[in-house]
file query_7.txt (compact mmCIF, C-alpha atoms and all ligand atoms)
# COMPACT_ATOMS: atom_id res chain seq x y z
CA MET B 1 -22.41 123.83 181.55
CA GLY B 2 -19.95 125.91 179.61
CA MET B 3 -22.27 128.36 177.94
CA THR B 4 -23.66 131.48 179.53
CA GLN B 5 -27.21 131.10 180.77
CA THR B 6 -29.75 133.84 180.30
CA ILE B 7 -32.16 134.89 183.05
CA LEU B 8 -35.15 137.16 182.52
CA ILE B 9 -36.25 139.21 185.55
CA VAL B 10 -39.82 140.55 185.43
CA GLU B 11 -40.13 142.93 188.38
CA ASP B 12 -41.54 146.44 188.58
CA GLU B 13 -39.66 147.60 191.68
CA PRO B 14 -36.26 148.90 190.52
CA ALA B 15 -34.61 148.52 193.94
CA ILE B 16 -35.47 144.82 194.09
CA ALA B 17 -34.62 144.25 190.43
CA ASP B 18 -31.23 145.99 190.77
CA ASN B 19 -30.24 143.68 193.62
CA ILE B 20 -31.23 140.57 191.72
CA VAL B 21 -29.54 141.68 188.49
CA TYR B 22 -26.34 142.43 190.35
CA ALA B 23 -26.34 139.13 192.26
CA LEU B 24 -26.98 137.04 189.15
CA GLU B 25 -24.50 138.91 186.96
CA THR B 26 -21.87 138.39 189.63
CA GLU B 27 -22.50 134.66 189.28
CA GLY B 28 -21.87 134.87 185.54
CA PHE B 29 -25.44 134.85 184.25
CA GLN B 30 -26.59 137.07 181.42
CA VAL B 31 -29.54 139.02 182.86
CA HIS B 32 -32.39 140.95 181.24
CA TRP B 33 -34.67 143.06 183.39
CA ARG B 34 -38.17 144.11 182.31
CA ALA B 35 -40.89 145.76 184.42
CA THR B 36 -44.00 144.54 182.58
CA THR B 37 -45.21 141.27 181.08
CA VAL B 38 -45.55 142.89 177.64
CA GLU B 39 -41.87 143.86 177.63
CA ALA B 40 -40.92 140.47 179.08
CA GLN B 41 -42.78 138.70 176.29
CA GLY B 42 -40.76 140.77 173.83
CA VAL B 43 -37.53 139.38 175.28
CA LEU B 44 -38.82 135.79 175.16
CA ASP B 45 -39.92 136.21 171.56
CA ALA B 46 -36.54 137.59 170.53
CA GLN B 47 -34.13 135.15 172.15
CA SER B 48 -33.72 132.01 174.21
CA VAL B 49 -34.07 132.40 177.97
CA HIS B 50 -33.10 129.67 180.44
CA LEU B 51 -35.13 130.84 183.43
CA VAL B 52 -37.66 133.53 184.35
CA VAL B 53 -37.84 135.26 187.74
CA LEU B 54 -41.39 136.55 187.83
CA ASP B 55 -42.99 139.02 190.24
CA VAL B 56 -46.66 138.30 190.90
CA GLY B 57 -47.80 141.93 191.23
CA LEU B 58 -46.93 143.68 187.98
CA PRO B 59 -48.36 146.91 186.58
CA ASP B 60 -49.89 145.56 183.38
CA ARG B 61 -50.92 142.05 184.34
CA SER B 62 -50.69 139.51 187.15
CA GLY B 63 -47.62 137.28 186.94
CA PHE B 64 -49.94 134.30 187.56
CA ASP B 65 -52.02 135.01 184.44
CA TRP B 66 -48.99 135.61 182.30
CA CYS B 67 -47.33 132.40 183.46
CA ARG B 68 -50.44 130.41 182.64
CA ASP B 69 -50.32 131.72 179.07
CA LEU B 70 -46.57 131.18 178.89
CA ARG B 71 -47.03 127.51 179.82
CA LYS B 72 -49.16 126.93 176.74
CA HIS B 73 -46.09 127.18 174.54
CA SER B 74 -43.00 127.14 176.79
CA ASN B 75 -41.40 124.99 179.49
CA VAL B 76 -38.94 127.65 180.62
CA PRO B 77 -38.48 127.34 184.42
CA VAL B 78 -40.24 130.07 186.41
CA ILE B 79 -39.47 131.27 189.94
CA PHE B 80 -42.23 133.46 191.35
CA LEU B 81 -41.58 136.43 193.62
CA THR B 82 -44.47 136.94 196.02
CA ALA B 83 -45.16 139.85 198.31
CA ARG B 84 -48.10 138.42 200.25
CA SER B 85 -48.45 135.18 202.14
CA ASP B 86 -51.85 134.49 200.56
CA GLU B 87 -50.13 134.40 197.19
CA ILE B 88 -47.94 131.51 198.30
CA ASP B 89 -50.90 129.13 198.36
CA ARG B 90 -51.56 129.97 194.74
CA VAL B 91 -47.89 129.81 193.78
CA VAL B 92 -47.59 126.23 194.92
CA GLY B 93 -50.62 125.47 192.76
CA LEU B 94 -49.52 123.15 189.98
CA GLU B 95 -51.88 124.70 187.49
CA LEU B 96 -49.79 127.87 187.51
CA GLY B 97 -46.75 126.00 186.29
CA GLY B 98 -44.21 127.67 188.59
CA ASP B 99 -41.05 125.78 189.53
CA ASP B 100 -40.32 127.55 192.80
CA TYR B 101 -41.08 130.75 194.66
CA MET B 102 -39.45 133.29 196.96
CA ALA B 103 -41.42 135.37 199.46
CA LYS B 104 -40.36 139.00 199.73
CA PRO B 105 -38.24 140.16 201.39
CA PHE B 106 -35.47 137.74 200.43
CA SER B 107 -31.72 137.98 200.06
CA PRO B 108 -30.32 138.06 196.51
CA ARG B 109 -27.98 135.27 197.58
CA GLU B 110 -30.93 133.09 198.49
CA LEU B 111 -32.51 133.76 195.11
CA THR B 112 -29.25 132.96 193.31
CA ALA B 113 -29.14 129.61 195.09
CA ARG B 114 -32.73 128.86 194.02
CA VAL B 115 -31.99 129.88 190.43
CA LYS B 116 -29.07 127.47 190.31
CA ALA B 117 -31.09 124.66 191.88
CA VAL B 118 -33.97 125.09 189.43
CA LEU B 119 -31.59 125.25 186.46
CA ARG B 120 -29.89 122.08 187.68
CA ARG B 121 -33.24 120.31 187.91
CA ALA B 122 -34.23 121.54 184.45
CA ALA B 123 -30.88 120.62 182.90
CA GLY B 124 -30.08 117.70 180.63
CA PRO B 125 -29.76 114.01 181.41
CA SER B 126 -26.16 114.14 182.61
CA THR B 127 -27.05 116.36 185.54
CA ALA B 128 -30.19 114.35 186.22
CA ALA B 129 -28.08 111.20 186.41
CA GLU B 130 -25.72 112.84 188.90
CA GLU B 131 -28.68 113.83 191.03
CA CYS B 132 -30.06 110.31 190.89
CA ALA B 133 -26.74 108.97 192.06
CA ALA B 134 -26.77 111.43 194.96
CA SER B 135 -30.30 110.56 196.03
CA PRO B 136 -30.72 107.66 198.46
CA ILE B 137 -34.11 106.85 196.93
CA GLN B 138 -34.35 104.52 193.93
CA ILE B 139 -37.79 104.07 192.48
CA ASP B 140 -38.74 101.21 190.20
CA ALA B 141 -42.09 102.50 188.99
CA PRO B 142 -43.26 99.51 186.90
CA ARG B 143 -42.70 97.17 189.86
CA MET B 144 -43.87 99.74 192.42
CA LYS B 145 -40.68 99.12 194.41
CA VAL B 146 -38.60 101.63 196.37
CA ILE B 147 -35.06 101.12 197.62
CA TYR B 148 -34.22 103.62 200.34
CA PHE B 149 -30.64 103.74 201.68
CA GLY B 150 -30.21 100.22 200.33
CA ASN B 151 -33.36 98.86 201.99
CA ALA B 152 -36.52 97.84 200.17
CA LEU B 153 -39.58 99.65 201.51
CA ASP B 154 -42.86 97.80 201.84
CA LEU B 155 -45.31 100.53 200.84
CA SER B 156 -49.03 100.63 200.28
CA ARG B 157 -50.23 101.81 196.87
CA TYR B 158 -50.90 105.37 198.05
CA GLU B 159 -47.69 105.62 200.05
CA PHE B 160 -45.79 104.52 196.96
CA ARG B 161 -47.55 106.96 194.67
CA MET B 162 -47.07 109.83 197.11
CA LEU B 163 -43.35 109.14 197.49
CA GLU B 164 -42.96 108.70 193.73
CA LEU B 165 -44.58 112.11 193.18
CA LEU B 166 -42.51 113.88 195.85
CA ALA B 167 -39.30 112.28 194.58
CA LYS B 168 -39.85 113.55 191.04
CA ARG B 169 -39.16 117.06 192.23
CA PRO B 170 -37.29 117.18 195.53
CA GLY B 171 -37.84 120.47 197.33
CA ARG B 172 -41.07 121.16 195.51
CA VAL B 173 -43.89 121.81 198.00
CA TYR B 174 -47.22 120.09 197.41
CA THR B 175 -50.33 121.11 199.31
CA ARG B 176 -52.47 118.38 200.84
CA GLU B 177 -55.11 119.16 198.25
CA GLN B 178 -52.64 118.69 195.39
CA LEU B 179 -51.39 115.43 196.87
CA MET B 180 -54.96 114.23 197.20
CA HIS B 181 -55.75 115.05 193.59
CA LEU B 182 -52.51 113.76 192.10
CA VAL B 183 -52.22 110.56 194.11
CA TRP B 184 -55.73 109.33 194.84
CA GLU B 185 -58.05 108.17 192.07
CA ALA B 186 -61.15 109.32 193.90
CA PRO B 187 -60.35 112.30 196.13
CA GLU B 188 -62.10 111.98 199.47
CA ALA B 189 -63.90 114.54 201.58
CA SER B 190 -61.56 114.03 204.55
CA MET B 191 -58.53 114.69 202.35
CA GLU B 192 -56.30 116.54 204.78
CA ARG B 193 -56.52 113.79 207.36
CA THR B 194 -56.09 111.07 204.73
CA VAL B 195 -52.95 112.69 203.31
CA ASP B 196 -51.54 113.32 206.79
CA THR B 197 -52.17 109.70 207.77
CA HIS B 198 -50.34 108.36 204.73
CA ILE B 199 -47.45 110.79 205.20
CA LYS B 200 -47.21 109.57 208.78
CA THR B 201 -47.06 105.88 207.85
CA LEU B 202 -44.68 106.59 204.94
CA ARG B 203 -42.38 108.49 207.30
CA ALA B 204 -42.48 105.67 209.83
CA LYS B 205 -41.49 103.07 207.22
CA MET B 206 -38.65 105.24 205.96
CA ARG B 207 -37.49 105.84 209.51
CA VAL B 208 -37.23 102.09 210.06
CA ALA B 209 -35.06 101.80 206.93
CA HIS B 210 -32.85 104.74 207.92
CA PRO B 211 -33.49 106.26 211.38
CA GLU B 212 -31.16 109.28 211.18
CA ILE B 213 -33.01 111.29 208.56
CA ASP B 214 -36.55 112.57 208.14
CA PRO B 215 -36.87 112.57 204.33
CA ILE B 216 -40.19 114.42 204.21
CA VAL B 217 -40.34 118.10 205.10
CA THR B 218 -43.54 119.51 206.63
CA HIS B 219 -44.42 123.05 205.52
CA ARG B 220 -46.76 124.28 208.23
CA GLY B 221 -50.10 125.39 206.92
CA VAL B 222 -49.09 124.53 203.34
CA GLY B 223 -48.11 120.91 202.74
CA TYR B 224 -45.15 118.59 202.20
CA SER B 225 -42.02 118.17 200.12
CA LEU B 226 -39.20 115.67 199.80
CA ARG B 227 -35.90 116.99 201.15
CA GLU B 228 -33.61 118.35 198.48
CA VAL B 229 -30.24 117.84 200.17
CA TRP B 230 -29.20 114.59 201.84
CA CA B 301 -44.54 144.25 192.11
call {"tool": "encode", "arguments": {"input": "query_7.txt", "output": "structure tokens", "more": "lines below"}}
Ligand code: CA
result
Amino acid sequence: MGMTQTILIVEDEPAIADNIVYALETEGFQVHWRATTVEAQGVLDAQSVHLVVLDVGLPDRSGFDWCRDLRKHSNVPVIFLTARSDEIDRVVGLELGGDDYMAKPFSPRELTARVKAVLRRAAGPSTAAEECAASPIQIDAPRMKVIYFGNALDLSRYEFRMLELLAKRPGRVYTREQLMHLVWEAPEASMERTVDTHIKTLRAKMRVAHPEIDPIVTHRGVGYSLREVW
């Protein structure tokens, strides 16, 4: 990517914003900082922005509400900044349209790494192809077949659909509830146990194909994701 990428920071605490602006500018990004959603919207209306870093607790409006509106007309990647652990549950909610989140306090370096990862994921087909080549999972959706480290996996319908979903966005955390709603046609009452059971059998089959790596990451009290780095 030769051209400079533009990042919009929406954060009302100057000390936090300063650190982020400095870290991202050091990495060569063009950075705009605004403290309210109204001002942030002004930036988005005036120019193209490649990624938004969005605080949840803002003075004029919740970052959640603003993001929901933003999603009606824009696919710009969004990384949420959350101050409270109870916000994380909502951040991983698909309906909010966030691409990732960071819980405060965090290091600017950590955020910079996330920004780059999200931009890579959002980038054009050339980068996507490179990532495919790097991933040991090949999914043939029409045939419902998965090749994992060169071995064909024999998966049940729900195991396949769960892995297919996780593999679309490695690193992205899905709650059990989201997995239940996105993978099962008729969500069941005992959803947590059902999801856990299928994760367990999926893991076991993948372990047989390649014993050294656990491809599925458990996020305690939240849910699951596919590992991002192999
Ligand atoms: Ca705030």
call {"tool": "residues_near_ligand", "arguments": {"input": "query_7.txt", "ligand": "ligand CA 301 (chain B)", "cutoff": "8 Å", "atoms": "all atoms listed in the file", "output": "PDB file with C-alpha atoms, keeping the file's coordinate frame"}}
result
ATOM      1  CA  GLU B  11     -40.130 142.930 188.380  1.00  0.00           C
ATOM      2  CA  ASP B  12     -41.540 146.440 188.580  1.00  0.00           C
ATOM      3  CA  GLU B  13     -39.660 147.600 191.680  1.00  0.00           C
ATOM      4  CA  ASP B  55     -42.990 139.020 190.240  1.00  0.00           C
ATOM      5  CA  VAL B  56     -46.660 138.300 190.900  1.00  0.00           C
ATOM      6  CA  GLY B  57     -47.800 141.930 191.230  1.00  0.00           C
ATOM      7  CA  LEU B  58     -46.930 143.680 187.980  1.00  0.00           C
ATOM      8  CA  PRO B  59     -48.360 146.910 186.580  1.00  0.00           C
ATOM      9  CA  ALA B  83     -45.160 139.850 198.310  1.00  0.00           C
TER      10      ALA B  83
END
call {"tool": "atom_distance", "arguments": {"input": "query_7.txt", "atom1": "atom CA of B:Val183", "atom2": "atom CA of B:Leu163"}}
result
9.6 Å
call {"tool": "closest_atom_pairs", "arguments": {"input": "query_7.txt", "of": "stretch 36-152 of chain B", "to": "stretch 194-208 of chain B", "cutoff": "10 Å", "atoms": "all atoms listed in the file", "output": "tab-separated table"}}
result
residue	atom	partner	partner_atom	distance
B:Ile147	CA	B:Met206	CA	10.0
B:Tyr148	CA	B:Met206	CA	7.3
B:Phe149	CA	B:Met206	CA	9.2
B:Asn151	CA	B:Met206	CA	9.2
B:Ala152	CA	B:Met206	CA	9.6
call {"tool": "closest_residue", "arguments": {"input": "query_7.txt", "among": "B:Gly171, B:Met191, B:Val49, B:Ala209", "to": "B:Arg121", "atoms": "only C-alpha atoms"}}
result
B:Gly171
call {"tool": "residues_around", "arguments": {"input": "query_7.txt", "residues": "stretch 218-223 of chain B", "least_positions_apart": "6", "cutoff": "6 Å", "atoms": "only C-alpha atoms", "output": "list in words"}}
result
Tyr174, Thr175 and Arg176 of chain B
call {"tool": "closest_residue", "arguments": {"input": "query_7.txt", "among": "B:Tyr158, B:Tyr101, B:Phe64, B:Phe106", "to": "B:Val173", "atoms": "only C-alpha atoms"}}
result
B:Tyr101
call {"tool": "closest_residue", "arguments": {"input": "query_7.txt", "among": "B:Gln30, B:Thr82, B:Gln178, B:Ser156", "to": "B:Tyr224", "atoms": "all atoms listed in the file"}}
result
B:Gln178
call {"tool": "atom_distance", "arguments": {"input": "query_7.txt", "atom1": "atom CA of B:Leu24", "atom2": "atom CA of B:Thr112"}}
result
6.3 Å
call {"tool": "atom_distance", "arguments": {"input": "query_7.txt", "atom1": "atom CA of B:Leu8", "atom2": "atom CA of B:Arg114"}}
result
14.4 Å
call {"tool": "build_atoms", "arguments": {"input": "query_7.txt", "residues": "stretch 142-154 of chain B", "atoms": "N, CA, C and O atoms", "output": "compact mmCIF listing (two decimals), in the coordinates of the input"}}
result
# COMPACT_ATOMS: atom_id res chain seq x y z
N PRO B 142 -42.44 100.62 187.40
CA PRO B 142 -43.26 99.51 186.90
C PRO B 142 -43.51 98.43 187.96
O PRO B 142 -44.56 97.82 187.98
N ARG B 143 -42.53 98.20 188.83
CA ARG B 143 -42.70 97.17 189.86
C ARG B 143 -43.22 97.74 191.17
O ARG B 143 -43.40 97.01 192.14
N MET B 144 -43.43 99.06 191.21
CA MET B 144 -43.87 99.74 192.42
C MET B 144 -42.95 99.43 193.61
O MET B 144 -43.41 99.18 194.72
N LYS B 145 -41.64 99.43 193.34
CA LYS B 145 -40.68 99.12 194.41
C LYS B 145 -39.82 100.34 194.69
O LYS B 145 -39.46 101.09 193.79
N VAL B 146 -39.48 100.53 195.97
CA VAL B 146 -38.60 101.63 196.37
C VAL B 146 -37.45 101.07 197.21
O VAL B 146 -37.68 100.30 198.15
N ILE B 147 -36.23 101.44 196.81
CA ILE B 147 -35.06 101.12 197.62
C ILE B 147 -34.62 102.42 198.28
O ILE B 147 -34.37 103.43 197.59
N TYR B 148 -34.54 102.42 199.60
CA TYR B 148 -34.22 103.62 200.34
C TYR B 148 -33.01 103.33 201.23
O TYR B 148 -33.10 102.46 202.11
N PHE B 149 -31.90 104.02 200.98
CA PHE B 149 -30.64 103.74 201.68
C PHE B 149 -30.34 102.24 201.65
O PHE B 149 -29.98 101.64 202.66
N GLY B 150 -30.56 101.63 200.49
CA GLY B 150 -30.21 100.22 200.33
C GLY B 150 -31.25 99.24 200.84
O GLY B 150 -31.10 98.03 200.68
N ASN B 151 -32.32 99.74 201.46
CA ASN B 151 -33.36 98.86 201.99
C ASN B 151 -34.63 98.97 201.17
O ASN B 151 -35.06 100.07 200.85
N ALA B 152 -35.24 97.83 200.88
CA ALA B 152 -36.52 97.84 200.17
C ALA B 152 -37.62 98.27 201.14
O ALA B 152 -37.68 97.82 202.27
N LEU B 153 -38.47 99.20 200.67
CA LEU B 153 -39.58 99.65 201.51
C LEU B 153 -40.83 98.88 201.11
O LEU B 153 -41.09 98.66 199.93
N ASP B 154 -41.60 98.48 202.11
CA ASP B 154 -42.86 97.80 201.84
C ASP B 154 -43.98 98.84 201.97
O ASP B 154 -44.44 99.14 203.05
